[in-house]
Structures are given as structure tokens and as C-alpha cells.
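A.B. asks: Next comes protein.txt, compact mmCIF, C-alpha atoms and all ligand atoms:
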# COMPACT_ATOMS: atom_id res chain seq x y z
CA MET A 84 56.80 -62.97 70.91
CA HIS A 85 55.35 -60.30 73.09
CA ARG A 86 56.82 -58.35 75.93
CA ARG A 87 54.86 -57.95 79.15
CA ARG A 88 54.77 -54.42 80.42
CA ALA A 89 55.19 -53.36 83.98
CA ARG A 90 51.81 -53.21 85.60
CA PRO A 91 50.77 -49.68 86.57
CA GLN A 92 50.40 -49.35 90.28
CA PRO A 93 46.74 -48.75 91.07
CA TRP A 94 47.43 -46.49 94.00
CA LEU A 95 49.10 -43.96 91.72
CA PHE A 96 45.92 -43.19 89.86
CA ASP A 97 43.91 -40.12 90.67
CA ASP A 98 41.17 -42.29 92.07
CA PRO A 99 38.89 -41.22 94.94
CA SER A 100 39.66 -44.53 96.58
CA ALA A 101 43.45 -43.99 96.33
CA MET A 102 45.09 -44.40 99.70
CA ASN A 103 48.39 -42.50 99.50
CA THR A 104 47.93 -38.87 98.59
CA ASP A 105 51.62 -37.92 99.08
CA LEU A 106 52.82 -39.78 95.99
CA PRO A 107 52.94 -38.15 92.55
CA LYS A 108 49.85 -39.04 90.57
CA GLN A 109 49.65 -40.23 86.99
CA PRO A 110 46.93 -38.74 84.84
CA LEU A 111 43.91 -41.00 84.49
CA PRO A 112 43.76 -43.04 81.29
CA ARG A 113 41.67 -41.17 78.71
CA VAL A 114 38.67 -42.81 77.10
CA VAL A 115 36.16 -41.85 74.43
CA VAL A 116 32.73 -43.49 74.44
CA LEU A 117 30.81 -44.05 71.19
CA ILE A 118 27.02 -44.36 71.36
CA SER A 119 24.05 -44.36 69.03
CA GLY A 120 21.09 -44.61 71.38
CA ARG A 121 19.69 -44.49 74.91
CA GLY A 122 23.08 -44.92 76.59
CA SER A 123 22.12 -47.01 79.60
CA ASN A 124 25.56 -48.66 79.54
CA LEU A 125 27.18 -45.23 79.34
CA SER A 126 25.16 -44.16 82.38
CA ALA A 127 26.28 -47.28 84.25
CA LEU A 128 29.91 -46.45 83.44
CA LEU A 129 29.50 -42.86 84.57
CA ALA A 130 27.82 -43.94 87.80
CA ALA A 131 30.63 -46.38 88.59
CA ASN A 132 33.16 -43.69 89.51
CA LEU A 133 35.82 -45.38 87.40
CA PRO A 134 39.44 -44.21 87.52
CA LEU A 135 39.17 -43.05 83.90
CA HIS A 136 39.06 -39.64 82.26
CA PHE A 137 35.99 -39.54 80.02
CA ALA A 138 37.39 -37.22 77.36
CA ALA A 139 34.26 -37.24 75.19
CA VAL A 140 31.08 -39.04 74.23
CA ILE A 141 30.52 -39.15 70.47
CA SER A 142 27.27 -40.20 68.84
CA ASN A 143 26.48 -40.75 65.18
CA LYS A 144 22.86 -39.79 65.99
CA ALA A 145 21.82 -36.36 67.22
CA ASP A 146 18.86 -37.75 69.18
CA ALA A 147 20.82 -40.35 71.13
CA GLY A 148 19.52 -40.27 74.70
CA GLY A 149 22.98 -40.99 76.08
CA LEU A 150 24.19 -37.53 75.03
CA LEU A 151 22.09 -35.99 77.79
CA ALA A 152 23.61 -38.26 80.43
CA ALA A 153 27.07 -37.26 79.24
CA LYS A 154 26.23 -33.55 79.34
CA GLN A 155 24.79 -33.88 82.82
CA SER A 156 28.10 -35.38 83.90
CA GLY A 157 30.01 -32.49 82.35
CA ILE A 158 31.57 -34.61 79.61
CA PRO A 159 32.11 -33.03 76.18
CA THR A 160 29.75 -34.45 73.58
CA GLU A 161 29.84 -34.42 69.82
CA VAL A 162 27.55 -35.67 67.06
CA ILE A 163 29.22 -36.93 63.90
CA SER A 164 26.52 -38.21 61.59
CA HIS A 165 27.56 -40.94 59.19
CA LEU A 166 24.94 -39.51 56.80
CA ASP A 167 27.19 -36.50 56.21
CA PHE A 168 29.93 -38.63 54.67
CA GLU A 169 30.17 -40.23 51.25
CA SER A 170 31.39 -43.61 52.39
CA ARG A 171 31.97 -45.75 55.45
CA GLU A 172 35.72 -45.32 55.03
CA ILE A 173 35.54 -41.51 54.95
CA PHE A 174 33.23 -41.41 57.98
CA ASP A 175 35.51 -43.78 59.87
CA GLN A 176 38.54 -41.68 59.06
CA ALA A 177 36.88 -38.51 60.31
CA LEU A 178 35.69 -40.32 63.43
CA ALA A 179 39.16 -41.72 64.13
CA GLU A 180 40.69 -38.26 63.85
CA ARG A 181 38.18 -36.78 66.29
CA ILE A 182 38.68 -39.63 68.74
CA GLU A 183 42.45 -39.26 68.63
CA GLY A 184 42.04 -35.54 69.24
CA TYR A 185 40.18 -36.28 72.46
CA LEU A 186 42.48 -39.12 73.52
CA GLN A 187 45.60 -37.02 72.99
CA ALA A 188 47.44 -40.27 72.37
CA LYS A 189 51.20 -40.29 72.60
CA PRO A 190 52.15 -42.20 69.45
CA ASP A 191 55.55 -43.21 70.80
CA SER A 192 54.14 -44.45 74.08
CA GLY A 193 55.10 -48.01 74.94
CA ASP A 194 52.04 -48.42 77.14
CA ILE A 195 48.80 -48.97 75.28
CA ARG A 196 46.98 -47.51 78.28
CA GLU A 197 48.59 -44.14 77.58
CA LYS A 198 47.16 -44.17 74.07
CA GLY A 199 43.67 -44.23 75.52
CA LEU A 200 40.70 -46.46 74.96
CA VAL A 201 37.63 -46.39 72.73
CA ILE A 202 34.56 -47.75 74.51
CA LEU A 203 31.64 -48.84 72.37
CA ALA A 204 28.36 -48.60 74.25
CA GLY A 205 25.60 -49.31 71.77
CA PHE A 206 27.35 -47.76 68.76
CA MET A 207 25.35 -49.17 65.85
CA ARG A 208 27.89 -48.98 63.05
CA ILE A 209 30.07 -51.58 61.39
CA PHE A 210 33.65 -50.33 61.12
CA SER A 211 35.97 -50.45 58.14
CA PRO A 212 39.08 -52.66 58.52
CA ALA A 213 41.26 -49.53 58.59
CA PHE A 214 39.38 -48.24 61.66
CA THR A 215 39.60 -51.50 63.61
CA GLN A 216 43.27 -51.81 62.67
CA HIS A 217 43.95 -48.26 63.85
CA PHE A 218 42.40 -48.95 67.27
CA ALA A 219 43.61 -52.56 67.56
CA GLY A 220 43.96 -53.56 71.19
CA ARG A 221 42.36 -50.36 72.48
CA MET A 222 38.71 -50.63 71.50
CA ILE A 223 36.22 -52.55 73.64
CA ASN A 224 32.57 -53.44 73.05
CA ILE A 225 29.71 -54.98 75.00
CA HIS A 226 27.47 -57.36 73.11
CA PRO A 227 24.11 -58.71 74.33
CA SER A 228 24.78 -62.43 73.91
CA LEU A 229 27.22 -65.09 75.00
CA LEU A 230 29.61 -64.83 72.06
CA PRO A 231 30.41 -66.57 69.81
CA SER A 232 26.67 -67.33 69.77
CA PHE A 233 24.35 -64.71 68.30
CA THR A 234 26.64 -62.16 66.75
CA GLY A 235 24.92 -59.19 65.11
CA LEU A 236 21.42 -57.91 65.81
CA HIS A 237 18.22 -59.20 67.48
CA THR A 238 20.20 -61.42 69.81
CA HIS A 239 17.45 -61.92 72.39
CA GLN A 240 14.77 -63.01 69.92
CA ARG A 241 17.23 -65.31 68.19
CA ALA A 242 18.20 -66.86 71.53
CA LEU A 243 14.51 -67.49 72.24
CA ASP A 244 13.95 -68.91 68.75
CA GLU A 245 16.86 -71.33 69.24
CA GLY A 246 15.50 -72.41 72.62
CA VAL A 247 18.74 -71.81 74.53
CA ARG A 248 18.34 -72.03 78.32
CA ILE A 249 21.31 -69.76 79.09
CA HIS A 250 21.84 -66.35 77.50
CA GLY A 251 23.94 -63.36 78.56
CA CYS A 252 26.40 -60.67 77.58
CA THR A 253 30.02 -60.43 76.52
CA VAL A 254 32.67 -57.74 76.78
CA HIS A 255 35.24 -58.18 74.03
CA LEU A 256 37.98 -56.48 72.09
CA VAL A 257 36.93 -55.16 68.72
CA THR A 258 38.63 -56.62 65.65
CA ALA A 259 37.85 -56.51 61.94
CA GLN A 260 35.42 -59.43 62.16
CA LEU A 261 32.11 -58.27 63.66
CA ASP A 262 31.59 -59.47 67.26
CA HIS A 263 34.52 -61.89 67.02
CA GLY A 264 37.33 -60.18 68.95
CA PRO A 265 38.97 -61.79 71.99
CA ILE A 266 36.50 -62.25 74.83
CA LEU A 267 37.36 -60.35 78.01
CA ALA A 268 34.44 -61.25 80.29
CA GLN A 269 30.98 -62.75 80.14
CA CYS A 270 27.92 -62.95 82.31
CA ALA A 271 25.21 -65.57 81.94
CA VAL A 272 21.50 -65.23 82.69
CA PRO A 273 18.83 -67.91 82.52
CA VAL A 274 16.10 -67.92 79.91
CA LEU A 275 12.89 -68.31 81.90
CA GLU A 276 9.55 -69.81 81.04
CA GLY A 277 7.35 -67.14 79.47
CA ASP A 278 10.23 -64.85 78.48
CA ASP A 279 9.84 -62.65 75.45
CA ALA A 280 12.59 -60.61 73.82
CA GLN A 281 11.85 -57.64 76.10
CA THR A 282 11.96 -59.50 79.42
CA LEU A 283 15.08 -61.37 78.37
CA ALA A 284 16.77 -58.15 77.15
CA ALA A 285 16.02 -56.46 80.47
CA ARG A 286 17.55 -59.37 82.44
CA VAL A 287 20.68 -59.30 80.27
CA LEU A 288 20.93 -55.50 80.45
CA ARG A 289 21.05 -55.57 84.27
CA GLN A 290 24.14 -57.75 83.99
CA GLU A 291 25.67 -55.56 81.26
CA HIS A 292 25.52 -52.66 83.70
CA LEU A 293 27.50 -54.67 86.25
CA LEU A 294 29.95 -56.32 83.89
CA TYR A 295 31.09 -53.42 81.72
CA PRO A 296 32.21 -51.10 84.55
CA ARG A 297 34.04 -54.02 86.16
CA VAL A 298 36.04 -54.81 83.02
CA LEU A 299 36.91 -51.17 82.45
CA ARG A 300 37.98 -50.75 86.05
CA ALA A 301 40.20 -53.81 85.62
CA TRP A 302 41.75 -52.22 82.52
CA ALA A 303 42.24 -48.88 84.26
CA LEU A 304 43.95 -50.50 87.24
CA GLY A 305 46.18 -52.77 85.16
CA ALA A 306 44.45 -56.01 86.17
CA LEU A 307 43.60 -56.37 82.48
CA SER A 308 46.31 -55.66 79.90
CA ILE A 309 46.25 -56.03 76.15
CA ASP A 310 49.58 -56.99 74.59
CA GLU A 311 50.97 -55.93 71.19
CA ASP A 312 49.34 -58.95 69.56
CA GLY A 313 45.94 -57.86 70.86
CA LYS A 314 45.76 -60.65 73.42
CA PRO A 315 44.28 -59.97 76.85
CA HIS A 316 46.13 -60.83 80.04
CA TRP A 317 44.67 -60.79 83.52
CA GLU A 318 46.50 -60.49 86.76
CA TYR A 319 45.47 -60.04 90.35
CA VAL A 320 45.13 -56.49 91.61
CA GLN A 321 43.82 -55.91 95.08
CA ASP A 322 40.73 -53.79 94.64
CA PRO A 323 37.46 -53.81 96.55
CA MET A 324 35.30 -53.56 93.43
CA LEU A 325 37.13 -56.16 91.38
CA SER A 326 36.85 -58.71 94.14
CA LEU A 327 33.06 -58.42 94.32
CA PRO A 328 31.38 -61.48 92.85
CA ILE A 329 29.39 -60.95 89.67
CA PRO A 330 26.12 -62.82 90.01
CA SER A 331 26.43 -65.18 87.06
CA LEU A 332 22.88 -66.41 87.25
CA GLU A 333 20.42 -63.81 88.37
CA ILE A 334 16.90 -65.15 88.46
CA SER A 335 14.55 -62.19 88.42
C1 LIG A 401 23.25 -52.97 74.72
O1 LIG A 401 22.41 -54.07 74.78
C2 LIG A 401 24.63 -53.38 74.30
O2 LIG A 401 24.95 -54.67 74.71
C3 LIG A 401 24.56 -53.33 72.80
O3 LIG A 401 23.74 -52.23 72.51
C4 LIG A 401 22.86 -52.00 73.61
C5 LIG A 401 23.07 -50.58 74.01
O4 LIG A 401 22.16 -50.18 75.00
N1 LIG A 401 25.87 -53.22 72.21
P1 LIG A 401 22.37 -48.81 75.76
O5 LIG A 401 22.36 -47.72 74.68
O6 LIG A 401 23.67 -48.87 76.47
O7 LIG A 401 21.20 -48.69 76.67
Once you've parsed the file, please lay out its structure as C-alpha cells.
Ligand code: GRF
C.D. replies:
Amino acid sequence: MHRRRARPQPWLFDDPSAMNTDLPKQPLPRVVVLISGRGSNLSALLAANLPLHFAAVISNKADAGGLLAAKQSGIPTEVISHLDFESREIFDQALAERIEGYLQAKPDSGDIREKGLVILAGFMRIFSPAFTQHFAGRMINIHPSLLPSFTGLHTHQRALDEGVRIHGCTVHLVTAQLDHGPILAQCAVPVLEGDDAQTLAARVLRQEHLLYPRVLRAWALGALSIDEDGKPHWEYVQDPMLSLPIPSLEIS
């Protein structure tokens, strides 16, 4: 049995769109973003003016393009190369410790939001079970397919090879089984005549950049909660961004 927590009141967050400035403000929920590459999703999150405190961006690759975007936004960055560690487990342990340092999680906090969130944005590593267990219910990923179809890599080419007519992206919670955690939101795009993996990837990516900020805003505002069993719950929160429609089929 799980206990529902009181929903945080969106207007208490230190959000530029907050209406009542006389009330005491809660600190913004802290997040750490993990990347390995160009970081276009990270850039979309940074551009979305989310009511989140980006405590750090960590990359396992020193040449990840997303590090520059983070620096330009004044966010602390760190490179922790998996090559410097003897095993996946040891790397994951070091990574978890660094993340927790940035999140400044309160271990006795009853609200998972106060423990902070790990956002995966193109982090190309498979985690050990200990890592996923440690961040259970507070680690989110975006995957370039309509899960549970096409887990893993090369999703766009595999979608083309299978001849699917609808493809897309999924935001989901991260669990021990790769790309199998509870689905939070999805966006579909059509597969068009003449598509190759690049054109299809670009069409999906445009939707990723709309979907991911929306889900994280919902989490920050309490419209999306994750309970102790790692199950997502949605409830209505009046918010101009959350009520915008997501184009589910963008033909371009
Ligand atoms: C995206 O397609 C995302 O869905 C997947 O990795 C890619 C990262 O791209 N997890 P970017 O680094 O955000 O541009």
C-alpha cells in the first residue's frame, strides 16, 4: 500500500511565472543531468525556464558537446570517465556519490522531490542494479522510440527495417531493466515515404525537445508524482505550459 503525499503548491516555487511574491518560497527541486554527447535535449531543458535548480551536468565523455551548453548557462559541469574505473560497479558508485553531493538530498525526507532528480539526456551507459536501485523513483530518461518497441540502440533504423508507420519517443522512469521502466509520456511521429534513419531521427528529436521539458515541469510542479513503489501518478495542476497541446503527429 502506498501513501499519497500532499501535492506541493506550484505557486510556492521560485518560478519566474509565480504569481504571489509575498509568500515564503520553497527552494527549487535540485536536479543533476547526465550526458554523453551533443546535449540537444539538455539545451531544450535549459531553454525551457523550468522551475528546477540544475545543480550540475555530468558527462562520462570529456568531449560531450552538451558540456558547453551547460557552462554557457552557468551550471557546474564535471567529467567522470568510466574508463578511469576498474568496473561498472565502481564507476557507478563514484558517480552516485558525486550526484548525491550535488543533489544535497535529505535522506530522511518524506518527499521524493526533496531528494532531487537524476535526468538522463543521452547518457550512453548501462547502469548496475545497485545504481538503479539507489535512484529508484527519481531517475528519468528519454528514449527515441515508442517503448516497449525498440529498446536499446539504433532505434530509428530498426523502426524503418520493421516497416512501422508510427514511431516516436518515450519519457520513462529508469529501472534495472534497460528501457523498461514505467512510461511517463510519449509522443508519436509518422514514418514518411522516403525516410532514412537521419530524417526520422530529426523528426523524433523535435518532439523529444517538446516532451522532455513538459514532463519535467509536471514533476517540478507536482502534477507528476512518483510513489514509494516507483509508480507514477498524474494530477491536474493549472499551468499555462502544461495545458499546451503536444502535437502528437507532426508531419514535416
Ligand atoms: C536522444 O535521441 C535521446 O532520446 C537518447 O539519446 C539522444 C541524445 O541526444 N536517449 P542529445 O545528446 O540530447 O542531442
A.B. asks: What is the distance between CA of Pro112 (chain A) and CA of Asp312 (chain A), in Å to one decimal?
C.D. replies: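 CA of Asp312 (chain A) lies 20.5 Å from CA of Pro112 (chain A).
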A.B. asks: Find the distance between CA of Pro231 (chain A) and CA of His263 (chain A) and write it in Å to one decimal.
C.D. replies: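 So the two atoms, CA of Pro231 (chain A) and CA of His263 (chain A), lie 6.8 Å apart.
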A.B. asks: Please list, as a PDB file with C-alpha atoms, in the coordinates of the input, the residues that have an atom at most 9 Å away from (23.7, -44.0, 81.5) in the coordinates of this file, counting only C-alpha atoms.
C.D. replies:
ATOM      1  CA  ARG A 121      19.690 -44.490  74.910  1.00  0.00           C
ATOM      2  CA  GLY A 122      23.080 -44.920  76.590  1.00  0.00           C
ATOM      3  CA  SER A 123      22.120 -47.010  79.600  1.00  0.00           C
ATOM      4  CA  ASN A 124      25.560 -48.660  79.540  1.00  0.00           C
ATOM      5  CA  LEU A 125      27.180 -45.230  79.340  1.00  0.00           C
ATOM      6  CA  SER A 126      25.160 -44.160  82.380  1.00  0.00           C
ATOM      7  CA  ALA A 127      26.280 -47.280  84.250  1.00  0.00           C
ATOM      8  CA  LEU A 128      29.910 -46.450  83.440  1.00  0.00           C
ATOM      9  CA  LEU A 129      29.500 -42.860  84.570  1.00  0.00           C
ATOM     10  CA  ALA A 130      27.820 -43.940  87.800  1.00  0.00           C
ATOM     11  CA  GLY A 148      19.520 -40.270  74.700  1.00  0.00           C
ATOM     12  CA  GLY A 149      22.980 -40.990  76.080  1.00  0.00           C
ATOM     13  CA  LEU A 151      22.090 -35.990  77.790  1.00  0.00           C
ATOM     14  CA  ALA A 152      23.610 -38.260  80.430  1.00  0.00           C
ATOM     15  CA  ALA A 153      27.070 -37.260  79.240  1.00  0.00           C
TER      16      ALA A 153
END
A.B. asks: One number please: CA of Ala213 (chain A) to CA of Val114 (chain A), in Å, one decimal.
C.D. replies: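 Separating CA of Ala213 (chain A) from CA of Val114 (chain A) is a distance of 19.9 Å.
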A.B. asks: Residues of chain A that have any atom at most 8 Å from an atom of ligand LIG 401 (chain A): could you tabulate them with the shortest-distance atom pair and the distance in Å to one decimal, using only C-alpha atoms and all ligand atoms, ordered by chain and increasing number, as CSV?
C.D. replies:
residue,atom,partner,partner_atom,distance
A:Ile118,CA,A:LIG401,O5,6.6
A:Ser119,CA,A:LIG401,O5,6.8
A:Gly120,CA,A:LIG401,O5,4.7
A:Arg121,CA,A:LIG401,O5,4.2
A:Gly122,CA,A:LIG401,O5,3.5
A:Ser123,CA,A:LIG401,O7,3.5
A:Asn124,CA,A:LIG401,O6,3.6
A:Leu125,CA,A:LIG401,O6,5.8
A:Ser126,CA,A:LIG401,O6,7.7
A:Gly148,CA,A:LIG401,O5,8.0
A:Gly149,CA,A:LIG401,O5,6.9
A:Leu203,CA,A:LIG401,N1,7.2
A:Ala204,CA,A:LIG401,O6,5.2
A:Gly205,CA,A:LIG401,O3,3.5
A:Phe206,CA,A:LIG401,N1,6.6
A:Met207,CA,A:LIG401,O3,7.5
A:Asn224,CA,A:LIG401,N1,6.8
A:Ile225,CA,A:LIG401,O2,4.8
A:His226,CA,A:LIG401,O2,4.0
A:Pro227,CA,A:LIG401,O2,4.1
A:Ser228,CA,A:LIG401,O2,7.8
A:Cys252,CA,A:LIG401,O2,6.8
A:Thr253,CA,A:LIG401,O2,7.9
A:Ala284,CA,A:LIG401,O1,7.4
A:Val287,CA,A:LIG401,O1,7.8
A:Leu288,CA,A:LIG401,O1,6.0
A:Glu291,CA,A:LIG401,O2,6.6
A.B. asks: Taking (27.5, -37.6, 62.1) in the file's coordinates as the center, which residues reach within 12 Å of it, counting only C-alpha atoms, put as a PyMOL selection string?
C.D. replies: chain A and resi 117-119+141-147+161-169+171+173-175+177-178+181+208
A.B. asks: A:Leu327, A:Ile158, A:Leu243, A:Ile195: which is nearest Trp302 (chain A), counting only C-alpha atoms?
C.D. replies: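 Closest to Trp302 (chain A) of all the choices is A:Ile195.
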A.B. asks: Have a look at A:Ala139, A:Val254, A:Ala179, A:Leu229 and name the one nearest to Thr160 (chain A); count only C-alpha atoms.
C.D. replies: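 Selected residue with least distance to Thr160 (chain A): A:Ala139.
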A.B. asks: Could you check which of A:Gln176, A:His136, A:Met324, A:Met222 is closest to Gly157 (chain A), using all atoms listed in the file?
C.D. replies: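 Among the listed residues, A:His136 lies closest to Gly157 (chain A).
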A.B. asks: Given only C-alpha atoms as the basis, pick out the residue of A:Glu183, A:Val298, A:Pro134, A:Gln109 nearest to Ile266 (chain A).
C.D. replies: A:Val298
A.B. asks: Select, from A:Asp194, A:Gln155, A:Leu307, A:Ala280, the residue with the minimum atom-to-atom distance to His237 (chain A), counting only C-alpha atoms.
C.D. replies: A:Ala280
A.B. asks: With all atoms listed in the file as the atoms that count, which of A:Val116, A:Ile309, A:Ala138, A:Leu299 lies nearest to Gly184 (chain A)?
C.D. replies: A:Ala138
A.B. asks: Can you pull out every residue within 10 Å of Ser232 (chain A), counting only C-alpha atoms, but drop anything in the same chain fewer than 2 positions away, and send it as number ranges by chain?
C.D. replies: A: 228-230, 234-235, 238, 241-242, 250, 262-263
